[in-house]
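Pasting model.pdb here (PDB, C-alpha atoms and all ligand atoms):
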ATOM      1  CA  MET M   6       0.000   0.000   0.000
ATOM      2  CA  ASN M   7       1.307   3.457  -0.877
ATOM      3  CA  MET M   8       0.012   7.038  -0.995
ATOM      4  CA  ASN M   9      -1.424   6.451  -4.467
ATOM      5  CA  ASP M  10      -3.525   3.611  -2.990
ATOM      6  CA  VAL M  11      -4.855   6.011  -0.371
ATOM      7  CA  ALA M  12      -5.768   8.520  -3.067
ATOM      8  CA  ALA M  13      -7.368   5.791  -5.233
ATOM      9  CA  ARG M  14      -9.228   3.824  -2.528
ATOM     10  CA  GLY M  15     -10.035   6.680  -0.165
ATOM     11  CA  LEU M  16      -9.312   7.808   3.386
ATOM     12  CA  VAL M  17     -12.162   7.862   5.916
ATOM     13  CA  MET M  18     -12.063  10.111   8.989
ATOM     14  CA  LEU M  19     -14.325   9.333  11.927
ATOM     15  CA  GLY M  20     -14.321  12.684  13.751
ATOM     16  CA  CYS M  21     -12.568  15.737  12.365
ATOM     17  CA  GLY M  22     -12.234  18.305  15.131
ATOM     18  CA  LYS M  23      -9.041  20.009  16.306
ATOM     19  CA  MET M  24      -6.654  17.040  15.918
ATOM     20  CA  GLY M  25      -8.387  15.563  12.872
ATOM     21  CA  SER M  26      -8.298  18.934  11.101
ATOM     22  CA  ALA M  27      -4.642  19.476  12.004
ATOM     23  CA  MET M  28      -3.801  16.136  10.329
ATOM     24  CA  LEU M  29      -6.149  16.603   7.380
ATOM     25  CA  SER M  30      -4.692  20.029   6.590
ATOM     26  CA  GLY M  31      -1.240  18.411   6.443
ATOM     27  CA  TRP M  32      -2.436  15.609   4.142
ATOM     28  CA  LEU M  33      -4.230  17.963   1.778
ATOM     29  CA  ARG M  34      -1.154  20.221   1.720
ATOM     30  CA  SER M  35       1.019  17.246   0.828
ATOM     31  CA  GLY M  36      -1.173  16.358  -2.151
ATOM     32  CA  LEU M  37      -3.945  13.992  -0.988
ATOM     33  CA  PRO M  38      -6.888  14.877  -3.269
ATOM     34  CA  PRO M  39      -9.872  16.202  -1.250
ATOM     35  CA  SER M  40     -12.158  13.965  -3.333
ATOM     36  CA  SER M  41     -10.418  10.920  -1.742
ATOM     37  CA  VAL M  42     -11.383  11.983   1.795
ATOM     38  CA  TYR M  43     -14.657  10.891   3.449
ATOM     39  CA  VAL M  44     -15.444  12.531   6.799
ATOM     40  CA  ILE M  45     -18.043  11.323   9.292
ATOM     41  CA  ASP M  46     -18.652  14.116  11.792
ATOM     42  CA  PRO M  47     -22.057  15.356  12.978
ATOM     43  CA  TYR M  48     -20.622  18.850  13.597
ATOM     44  CA  PRO M  49     -18.270  19.666  10.697
ATOM     45  CA  SER M  50     -16.361  22.926  11.183
ATOM     46  CA  ASP M  51     -16.611  25.853   8.751
ATOM     47  CA  TRP M  52     -12.993  25.115   7.748
ATOM     48  CA  LEU M  53     -13.834  21.498   6.918
ATOM     49  CA  LYS M  54     -16.846  22.508   4.811
ATOM     50  CA  THR M  55     -14.607  24.546   2.495
ATOM     51  CA  GLN M  56     -12.005  21.792   1.847
ATOM     52  CA  GLY M  57     -13.841  19.905  -0.901
ATOM     53  CA  VAL M  58     -13.863  16.619   1.060
ATOM     54  CA  HIS M  59     -16.942  14.380   1.279
ATOM     55  CA  ILE M  60     -18.832  15.009   4.531
ATOM     56  CA  GLY M  61     -21.472  12.529   5.670
ATOM     57  CA  ALA M  62     -21.456  10.808   2.262
ATOM     58  CA  ASP M  63     -21.679   7.041   1.628
ATOM     59  CA  LEU M  64     -18.292   5.490   2.310
ATOM     60  CA  PRO M  65     -16.246   3.810  -0.432
ATOM     61  CA  GLU M  66     -16.255  -0.031  -0.418
ATOM     62  CA  HIS M  67     -12.744  -0.792   0.847
ATOM     63  CA  PRO M  68     -11.020   2.473   1.748
ATOM     64  CA  ALA M  69      -7.261   2.216   2.223
ATOM     65  CA  VAL M  70      -7.271   3.940   5.613
ATOM     66  CA  ALA M  71      -9.771   4.914   8.313
ATOM     67  CA  VAL M  72      -8.556   7.501  10.823
ATOM     68  CA  ILE M  73     -10.394   7.538  14.154
ATOM     69  CA  ALA M  74     -10.235  11.011  15.750
ATOM     70  CA  VAL M  75     -13.236  11.219  18.076
ATOM     71  CA  LYS M  76     -12.935  11.773  21.826
ATOM     72  CA  PRO M  77     -12.339   8.565  23.819
ATOM     73  CA  GLN M  78     -15.611   9.212  25.662
ATOM     74  CA  MET M  79     -17.494   9.155  22.302
ATOM     75  CA  MET M  80     -15.779   6.004  21.042
ATOM     76  CA  ALA M  81     -18.456   3.470  22.042
ATOM     77  CA  GLU M  82     -21.124   5.547  20.308
ATOM     78  CA  ALA M  83     -19.116   6.473  17.187
ATOM     79  CA  LEU M  84     -17.147   3.310  16.362
ATOM     80  CA  PRO M  85     -20.110   1.189  15.152
ATOM     81  CA  ASP M  86     -20.471   3.730  12.284
ATOM     82  CA  VAL M  87     -17.348   2.223  10.723
ATOM     83  CA  ASP M  88     -17.746  -1.436  11.707
ATOM     84  CA  ALA M  89     -18.160  -2.322   8.018
ATOM     85  CA  LEU M  90     -14.488  -1.337   7.616
ATOM     86  CA  GLY M  91     -13.375  -4.165   9.904
ATOM     87  CA  ASP M  92     -12.984  -6.620   7.008
ATOM     88  CA  GLY M  93      -9.193  -6.637   7.104
ATOM     89  CA  GLU M  94      -8.932  -4.545   3.908
ATOM     90  CA  THR M  95      -8.767  -1.155   5.619
ATOM     91  CA  LEU M  96      -5.921   0.033   7.830
ATOM     92  CA  VAL M  97      -7.455   1.665  10.920
ATOM     93  CA  ILE M  98      -5.403   4.419  12.582
ATOM     94  CA  SER M  99      -6.670   5.722  15.931
ATOM     95  CA  VAL M 100      -5.304   8.876  17.520
ATOM     96  CA  ALA M 101      -7.577   8.672  20.572
ATOM     97  CA  ALA M 102      -5.880   9.112  23.931
ATOM     98  CA  GLY M 103      -6.202   6.162  26.257
ATOM     99  CA  THR M 104      -8.309   3.906  24.029
ATOM    100  CA  PRO M 105      -6.409   0.604  23.680
ATOM    101  CA  ILE M 106      -6.042  -1.367  20.452
ATOM    102  CA  ALA M 107      -8.167  -4.116  22.067
ATOM    103  CA  THR M 108     -11.206  -1.784  22.061
ATOM    104  CA  PHE M 109     -11.001  -1.486  18.276
ATOM    105  CA  GLU M 110     -10.430  -5.213  17.872
ATOM    106  CA  ASN M 111     -13.572  -5.884  19.944
ATOM    107  CA  VAL M 112     -15.771  -3.730  17.683
ATOM    108  CA  LEU M 113     -14.077  -4.128  14.293
ATOM    109  CA  GLY M 114     -12.937  -7.742  14.609
ATOM    110  CA  SER M 115      -9.687  -9.372  15.607
ATOM    111  CA  LYS M 116      -8.431  -9.544  11.991
ATOM    112  CA  THR M 117      -8.452  -5.757  11.549
ATOM    113  CA  PRO M 118      -5.058  -4.063  11.139
ATOM    114  CA  ILE M 119      -5.000  -1.282  13.737
ATOM    115  CA  VAL M 120      -2.352   1.351  14.369
ATOM    116  CA  ARG M 121      -2.610   3.344  17.566
ATOM    117  CA  ALA M 122      -0.975   6.736  17.106
ATOM    118  CA  MET M 123      -0.421   9.782  19.311
ATOM    119  CA  PRO M 124       0.152  12.971  17.293
ATOM    120  CA  ASN M 125       0.139  16.551  18.567
ATOM    121  CA  THR M 126      -1.321  19.806  17.251
ATOM    122  CA  PRO M 127       1.882  21.320  15.775
ATOM    123  CA  ALA M 128       0.951  18.809  13.030
ATOM    124  CA  ALA M 129      -1.125  21.687  11.627
ATOM    125  CA  ILE M 130       2.117  23.383  10.509
ATOM    126  CA  GLY M 131       3.989  20.157   9.690
ATOM    127  CA  ARG M 132       5.891  20.309  13.018
ATOM    128  CA  GLY M 133       4.094  17.566  14.938
ATOM    129  CA  ILE M 134       5.579  14.409  16.367
ATOM    130  CA  THR M 135       3.586  11.184  16.299
ATOM    131  CA  ALA M 136       4.321   7.960  18.148
ATOM    132  CA  LEU M 137       2.803   4.799  16.682
ATOM    133  CA  VAL M 138       2.384   1.130  17.427
ATOM    134  CA  GLY M 139       0.400  -1.505  15.534
ATOM    135  CA  ASN M 140      -1.323  -4.803  16.299
ATOM    136  CA  GLY M 141      -0.200  -8.119  14.816
ATOM    137  CA  ASN M 142      -2.380  -7.665  11.716
ATOM    138  CA  VAL M 143      -0.461  -4.610  10.515
ATOM    139  CA  SER M 144       1.915  -5.740   7.766
ATOM    140  CA  ALA M 145       5.296  -4.065   7.323
ATOM    141  CA  GLY M 146       3.874  -2.310   4.245
ATOM    142  CA  ALA M 147       0.818  -1.061   6.145
ATOM    143  CA  MET M 148       3.029   0.240   8.968
ATOM    144  CA  ASP M 149       5.156   2.062   6.389
ATOM    145  CA  MET M 150       1.931   3.532   4.960
ATOM    146  CA  ALA M 151       0.787   4.748   8.392
ATOM    147  CA  GLU M 152       4.226   6.246   8.944
ATOM    148  CA  ALA M 153       4.228   7.914   5.518
ATOM    149  CA  LEU M 154       0.857   9.539   6.283
ATOM    150  CA  LEU M 155       2.054  10.755   9.662
ATOM    151  CA  LEU M 156       5.445  11.910   8.335
ATOM    152  CA  SER M 157       3.561  14.400   6.175
ATOM    153  CA  ILE M 158       2.565  16.219   9.397
ATOM    154  CA  GLY M 159       5.937  16.058  11.194
ATOM    155  CA  GLN M 160       8.264  13.523  12.785
ATOM    156  CA  CYS M 161       7.374   9.909  13.667
ATOM    157  CA  VAL M 162       8.625   7.458  16.254
ATOM    158  CA  ARG M 163       7.672   3.779  16.432
ATOM    159  CA  LEU M 164       7.059   2.428  19.935
ATOM    160  CA  GLU M 165       8.254  -0.953  21.175
ATOM    161  CA  SER M 166       5.067  -1.533  23.119
ATOM    162  CA  GLU M 167       1.558  -0.108  23.481
ATOM    163  CA  ASP M 168       2.310   0.217  27.219
ATOM    164  CA  GLN M 169       4.480   3.256  26.410
ATOM    165  CA  MET M 170       1.509   5.139  24.964
ATOM    166  CA  ASP M 171       0.216   6.642  28.241
ATOM    167  CA  ALA M 172       3.613   8.230  28.965
ATOM    168  CA  VAL M 173       3.988   9.372  25.338
ATOM    169  CA  THR M 174       0.532  10.982  25.497
ATOM    170  CA  ALA M 175       1.535  12.789  28.700
ATOM    171  CA  VAL M 176       4.798  14.103  27.195
ATOM    172  CA  SER M 177       4.191  14.929  23.507
ATOM    173  CA  GLY M 178       0.413  14.560  22.978
ATOM    174  CA  SER M 179      -0.500  16.961  25.787
ATOM    175  CA  GLY M 180       2.915  18.666  25.821
ATOM    176  CA  PRO M 181       2.081  21.563  23.475
ATOM    177  CA  ALA M 182      -0.447  22.760  26.077
ATOM    178  CA  TYR M 183       2.285  22.924  28.731
ATOM    179  CA  VAL M 184       4.419  25.025  26.384
ATOM    180  CA  PHE M 185       1.507  27.336  25.536
ATOM    181  CA  HIS M 186       0.922  27.751  29.274
ATOM    182  CA  LEU M 187       4.621  28.575  29.699
ATOM    183  CA  ILE M 188       4.170  31.325  27.089
ATOM    184  CA  GLU M 189       1.070  32.651  28.867
ATOM    185  CA  THR M 190       2.748  32.706  32.266
ATOM    186  CA  LEU M 191       6.063  34.122  30.983
ATOM    187  CA  ALA M 192       4.127  36.987  29.354
ATOM    188  CA  ALA M 193       2.113  37.566  32.543
ATOM    189  CA  ALA M 194       5.339  37.655  34.562
ATOM    190  CA  GLY M 195       6.743  40.238  32.128
ATOM    191  CA  GLU M 196       3.619  42.336  32.617
ATOM    192  CA  ALA M 197       4.064  42.058  36.376
ATOM    193  CA  GLU M 198       7.540  43.575  35.842
ATOM    194  CA  GLY M 199       5.933  46.545  34.072
ATOM    195  CA  LEU M 200       5.941  45.604  30.352
ATOM    196  CA  PRO M 201       2.922  46.391  28.141
ATOM    197  CA  PRO M 202       0.895  43.159  27.544
ATOM    198  CA  ALA M 203       1.488  42.993  23.764
ATOM    199  CA  LEU M 204       5.240  43.486  24.141
ATOM    200  CA  ALA M 205       5.424  40.889  26.922
ATOM    201  CA  MET M 206       3.521  38.380  24.754
ATOM    202  CA  ASP M 207       5.720  39.036  21.686
ATOM    203  CA  LEU M 208       8.843  38.500  23.787
ATOM    204  CA  ALA M 209       7.463  35.296  25.350
ATOM    205  CA  LYS M 210       6.319  33.756  22.034
ATOM    206  CA  ALA M 211       9.556  34.517  20.197
ATOM    207  CA  THR M 212      11.662  33.285  23.116
ATOM    208  CA  VAL M 213       9.866  29.938  23.359
ATOM    209  CA  GLY M 214       9.747  29.526  19.567
ATOM    210  CA  GLY M 215      13.420  30.416  19.110
ATOM    211  CA  ALA M 216      14.624  28.342  22.074
ATOM    212  CA  GLY M 217      12.580  25.348  20.845
ATOM    213  CA  GLU M 218      14.077  25.548  17.372
ATOM    214  CA  LEU M 219      17.588  25.993  18.803
ATOM    215  CA  ALA M 220      17.067  22.950  21.064
ATOM    216  CA  GLU M 221      16.031  20.878  18.020
ATOM    217  CA  THR M 222      18.758  22.004  15.671
ATOM    218  CA  ALA M 223      21.857  22.778  17.790
ATOM    219  CA  ASP M 224      24.693  20.292  18.290
ATOM    220  CA  ASP M 225      24.624  21.089  22.031
ATOM    221  CA  ASP M 226      22.054  19.319  24.200
ATOM    222  CA  PRO M 227      19.449  21.340  26.167
ATOM    223  CA  THR M 228      21.570  21.189  29.325
ATOM    224  CA  GLN M 229      24.544  22.832  27.557
ATOM    225  CA  LEU M 230      22.209  25.352  25.856
ATOM    226  CA  ARG M 231      20.889  26.304  29.308
ATOM    227  CA  ILE M 232      24.428  26.663  30.643
ATOM    228  CA  ASN M 233      25.285  28.882  27.636
ATOM    229  CA  VAL M 234      22.592  31.388  28.758
ATOM    230  CA  THR M 235      23.596  31.316  32.411
ATOM    231  CA  SER M 236      26.377  33.755  33.341
ATOM    232  CA  PRO M 237      27.861  32.974  36.763
ATOM    233  CA  ASN M 238      26.001  35.009  39.356
ATOM    234  CA  GLY M 239      23.974  36.737  36.604
ATOM    235  CA  THR M 240      20.264  37.220  35.958
ATOM    236  CA  THR M 241      19.530  33.730  34.591
ATOM    237  CA  GLN M 242      21.177  32.128  37.599
ATOM    238  CA  ALA M 243      18.846  34.138  39.850
ATOM    239  CA  ALA M 244      15.801  32.836  37.943
ATOM    240  CA  LEU M 245      17.042  29.235  37.740
ATOM    241  CA  ASP M 246      17.581  29.173  41.508
ATOM    242  CA  VAL M 247      13.777  29.545  41.697
ATOM    243  CA  LEU M 248      12.865  27.242  38.766
ATOM    244  CA  MET M 249      15.279  24.437  39.690
ATOM    245  CA  ASP M 250      14.340  24.344  43.375
ATOM    246  CA  THR M 251      13.953  20.650  44.204
ATOM    247  CA  GLU M 252      10.820  21.227  46.317
ATOM    248  CA  THR M 253       8.905  23.930  44.429
ATOM    249  CA  GLY M 254      10.584  24.162  40.993
ATOM    250  CA  PHE M 255       9.974  22.795  37.513
ATOM    251  CA  PRO M 256      11.380  19.266  37.975
ATOM    252  CA  ARG M 257       8.858  18.278  40.612
ATOM    253  CA  LEU M 258       5.999  20.291  39.112
ATOM    254  CA  LEU M 259       6.389  18.821  35.614
ATOM    255  CA  GLN M 260       6.885  15.333  37.005
ATOM    256  CA  ARG M 261       3.548  15.693  38.837
ATOM    257  CA  ALA M 262       1.840  17.151  35.751
ATOM    258  CA  VAL M 263       3.089  14.404  33.412
ATOM    259  CA  ALA M 264       2.180  11.710  35.954
ATOM    260  CA  ALA M 265      -1.355  13.163  36.189
ATOM    261  CA  ALA M 266      -1.736  13.129  32.397
ATOM    262  CA  ALA M 267      -0.465   9.540  32.152
ATOM    263  CA  ALA M 268      -2.844   8.459  34.925
ATOM    264  CA  ARG M 269      -5.757  10.103  33.090
ATOM    265  CA  SER M 270      -4.710   8.338  29.876
ATOM    266  CA  ARG M 271      -4.858   5.001  31.730
ATOM    267  CA  GLU M 272      -8.351   5.903  33.050
ATOM    268  CA  LEU M 273      -9.554   6.770  29.529
ATOM    269  CA  ALA M 274      -8.883   3.156  28.534
ATOM    270  CA  ASN M 275     -12.359   2.516  29.930
ATOM    271  CA  GLY M 276     -13.967   5.343  27.872
TER     272      GLY M 276
HETATM  273  N1  LIG S 301      -6.296  17.930  20.599
HETATM  274  C1  LIG S 301      -5.094  17.366  20.720
HETATM  275  O1  LIG S 301      -4.076  18.040  20.943
HETATM  276  C2  LIG S 301      -4.946  15.872  20.567
HETATM  277  C3  LIG S 301      -6.045  15.040  20.511
HETATM  278  N2  LIG S 301      -5.875  13.680  20.390
HETATM  279  C4  LIG S 301      -7.036  12.808  20.322
HETATM  280  O2  LIG S 301      -7.773  13.161  19.176
HETATM  281  C5  LIG S 301      -9.146  12.859  19.386
HETATM  282  C6  LIG S 301      -9.966  14.084  19.027
HETATM  283  O3  LIG S 301      -9.581  15.147  19.870
HETATM  284  P1  LIG S 301      -9.856  16.657  19.430
HETATM  285  O4  LIG S 301      -9.709  16.774  17.967
HETATM  286  O5  LIG S 301      -9.052  17.494  20.334
HETATM  287  O6  LIG S 301     -11.399  16.769  19.835
HETATM  288  P2  LIG S 301     -12.531  17.606  19.088
HETATM  289  O7  LIG S 301     -13.684  17.656  20.039
HETATM  290  O8  LIG S 301     -11.975  18.884  18.553
HETATM  291  O9  LIG S 301     -12.904  16.666  17.846
HETATM  292  C7  LIG S 301     -13.744  15.544  17.954
HETATM  293  C8  LIG S 301     -14.654  15.563  16.745
HETATM  294  O10 LIG S 301     -15.468  14.389  16.811
HETATM  295  C9  LIG S 301     -16.758  14.743  16.348
HETATM  296  N3  LIG S 301     -17.724  13.756  16.801
HETATM  297  C10 LIG S 301     -18.461  13.723  17.933
HETATM  298  N4  LIG S 301     -19.268  12.656  17.946
HETATM  299  C11 LIG S 301     -19.028  11.983  16.804
HETATM  300  C12 LIG S 301     -19.576  10.798  16.227
HETATM  301  N5  LIG S 301     -20.506  10.071  16.866
HETATM  302  N6  LIG S 301     -19.115  10.408  15.022
HETATM  303  C13 LIG S 301     -18.174  11.143  14.371
HETATM  304  N7  LIG S 301     -17.629  12.277  14.857
HETATM  305  C14 LIG S 301     -18.059  12.686  16.060
HETATM  306  C15 LIG S 301     -16.992  16.135  16.906
HETATM  307  O11 LIG S 301     -18.012  16.812  16.201
HETATM  308  C16 LIG S 301     -15.616  16.761  16.722
HETATM  309  O12 LIG S 301     -15.494  17.444  15.493
HETATM  310  C17 LIG S 301      -9.301  12.480  20.849
HETATM  311  O13 LIG S 301      -9.461  11.086  20.952
HETATM  312  C18 LIG S 301      -8.005  12.933  21.489
HETATM  313  O14 LIG S 301      -7.630  12.082  22.557
HETATM  314  C19 LIG S 301      -4.645  13.124  20.234
HETATM  315  C20 LIG S 301      -3.527  13.900  20.260
HETATM  316  C21 LIG S 301      -3.571  15.326  20.474
HETATM  317  O1  LIG S 302      -6.218  16.233  26.320
HETATM  318  C1  LIG S 302      -6.402  15.160  25.722
HETATM  319  O2  LIG S 302      -7.002  14.227  26.274
HETATM  320  C2  LIG S 302      -5.862  14.996  24.315
HETATM  321  C3  LIG S 302      -4.872  13.873  24.216
HETATM  322  C4  LIG S 302      -3.535  14.513  24.020
HETATM  323  C5  LIG S 302      -3.838  15.914  23.812
HETATM  324  N1  LIG S 302      -5.114  16.171  23.926
END
Written as structure tokens, how would this file's structure read?
Ligand SMILES: NC(=O)C1=CN([C@@H]2O[C@H](COP(=O)(O)OP(=O)(O)OC[C@H]3O[C@@H](n4cnc5c(N)ncnc54)[C@H](O)[C@@H]3O)[C@@H](O)[C@H]2O)C=CC1
Ligand SMILES: O=C(O)[C@@H]1CCC=N1
Amino acid sequence: MNMNDVAARGLVMLGCGKMGSAMLSGWLRSGLPPSSVYVIDPYPSDWLKTQGVHIGADLPEHPAVAVIAVKPQMMAEALPDVDALGDGETLVISVAAGTPIATFENVLGSKTPIVRAMPNTPAAIGRGITALVGNGNVSAGAMDMAEALLLSIGQCVRLESEDQMDAVTAVSGSGPAYVFHLIETLAAAGEAEGLPPALAMDLAKATVGGAGELAETADDDPTQLRINVTSPNGTTQAALDVLMDTETGFPRLLQRAVAAAAARSRELANG
């Protein structure tokens, strides 16, 4: 199976909200014809309605891929809408947090090839990262196909085991929200030091964006990049004394936050 198969046989999306749209925009940008895309979503967004994809239409007979992007809590209600695709011909890719592969096997049949994937919203600008793992029915070619689709919206990593998915979800699936909150709070702290709100926000956004890109592209690791900013007994050192405090600083706070997200992912396994 290759991208031409997907274009020829069709790609079905069950749910196309924030994450589904972020992925779909990447696929359309990378050349998937809109006429090959069939969306099932009772509340299509205005953006979706202008993309030229089929919405609520009859599904093709044996689409190449079905992407499941509804909320885990809606899964039991929504999944039966695509149970006809559980004939082994269609590769099912779920991006739902928490929902285990076994849930899809129970509804779609144990012969269905299922890839569980965890993308993130920077996919909308081709800068996502997606972790993926498949069940035993996913052939090497089908896994390559899933990876090719997800590579068009950013980087991909293959997991050794589905057990890693809760931690992955807590780090990179939810992670963009932590970074956006860092931007919000850095800007607010700048305001508290007397900066106008718009200037504080511009400084915070550009700092996080630039530091993120430097961390990804530099030869130095993030620890060395941090050291490079930190003059002995200078301003950064004063701030890091607060942020790196073992009781109240980032390490403990982020560990608690990531643990809470992973625990919630495990709870969502039950819908
Ligand atoms: N938002 C994010 O950053 C990420 C979300 N995810 C996963 O993606 C999935 C979707 O999340 P979002 O896009 O954020 O939620 P969302 O609420 O924006 O999108 C869900 C979509 O499903 C539709 N829907 C509701 N009932 C349906 C039904 N019965 N049949 C078909 N469609 C139905 C809704 O109208 C909506 O457009 C979730 O399972 C979430 O865990 C995964 C990674 C990141
Ligand atoms: O918050 C959530 O449950 C989803 C999964 C990862 C990001 N958003």
Next on the checklist: Taking all atoms listed in the file and a cut-off of 6 Å, can you tell me which residues surround ligand LIG 301 (chain S), written as a VMD selection string?
Outcome noted: chain M and resid 19 to 25 45 to 49 74 to 77 79 82 to 83 100 to 102 123 to 126 178
What does the file look like for those residues with C-alpha atoms, as a PDB file, in the frame of the given file?
ATOM      1  CA  LEU M  19     -14.325   9.333  11.927  1.00  0.00           C
ATOM      2  CA  GLY M  20     -14.321  12.684  13.751  1.00  0.00           C
ATOM      3  CA  CYS M  21     -12.568  15.737  12.365  1.00  0.00           C
ATOM      4  CA  GLY M  22     -12.234  18.305  15.131  1.00  0.00           C
ATOM      5  CA  LYS M  23      -9.041  20.009  16.306  1.00  0.00           C
ATOM      6  CA  MET M  24      -6.654  17.040  15.918  1.00  0.00           C
ATOM      7  CA  GLY M  25      -8.387  15.563  12.872  1.00  0.00           C
ATOM      8  CA  ILE M  45     -18.043  11.323   9.292  1.00  0.00           C
ATOM      9  CA  ASP M  46     -18.652  14.116  11.792  1.00  0.00           C
ATOM     10  CA  PRO M  47     -22.057  15.356  12.978  1.00  0.00           C
ATOM     11  CA  TYR M  48     -20.622  18.850  13.597  1.00  0.00           C
ATOM     12  CA  PRO M  49     -18.270  19.666  10.697  1.00  0.00           C
ATOM     13  CA  ALA M  74     -10.235  11.011  15.750  1.00  0.00           C
ATOM     14  CA  VAL M  75     -13.236  11.219  18.076  1.00  0.00           C
ATOM     15  CA  LYS M  76     -12.935  11.773  21.826  1.00  0.00           C
ATOM     16  CA  PRO M  77     -12.339   8.565  23.819  1.00  0.00           C
ATOM     17  CA  MET M  79     -17.494   9.155  22.302  1.00  0.00           C
ATOM     18  CA  GLU M  82     -21.124   5.547  20.308  1.00  0.00           C
ATOM     19  CA  ALA M  83     -19.116   6.473  17.187  1.00  0.00           C
ATOM     20  CA  VAL M 100      -5.304   8.876  17.520  1.00  0.00           C
ATOM     21  CA  ALA M 101      -7.577   8.672  20.572  1.00  0.00           C
ATOM     22  CA  ALA M 102      -5.880   9.112  23.931  1.00  0.00           C
ATOM     23  CA  MET M 123      -0.421   9.782  19.311  1.00  0.00           C
ATOM     24  CA  PRO M 124       0.152  12.971  17.293  1.00  0.00           C
ATOM     25  CA  ASN M 125       0.139  16.551  18.567  1.00  0.00           C
ATOM     26  CA  THR M 126      -1.321  19.806  17.251  1.00  0.00           C
ATOM     27  CA  GLY M 178       0.413  14.560  22.978  1.00  0.00           C
TER      28      GLY M 178
END
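Residue nearest M:Ala172 within the list M:Ala265, M:Ala209, M:Thr190, M:Ile232: M:Ala265 [criterion: smallest interatomic distance, all atoms listed in the file].
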Next on the checklist: So that I can see what lies close to M:Thr104, please list as a PyMOL selection string the residues with an atom at most 9 Å from it, counting only C-alpha atoms and leaving out residues fewer than 4 positions away in the same chain.
Outcome noted: chain M and resi 77+80+99-100+108-109+121+270-271+273-276
Checklist outcome for this item: Min atom-atom distance to ligand LIG 302 (chain S) from the set M:Tyr43, M:Tyr183, M:Phe255, M:Trp32, counting only C-alpha atoms and all ligand atoms, belongs to M:Tyr183
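Coordinates place atom CA of M:Leu29 at a distance of 13.1 Å from atom CA of M:Ile60.
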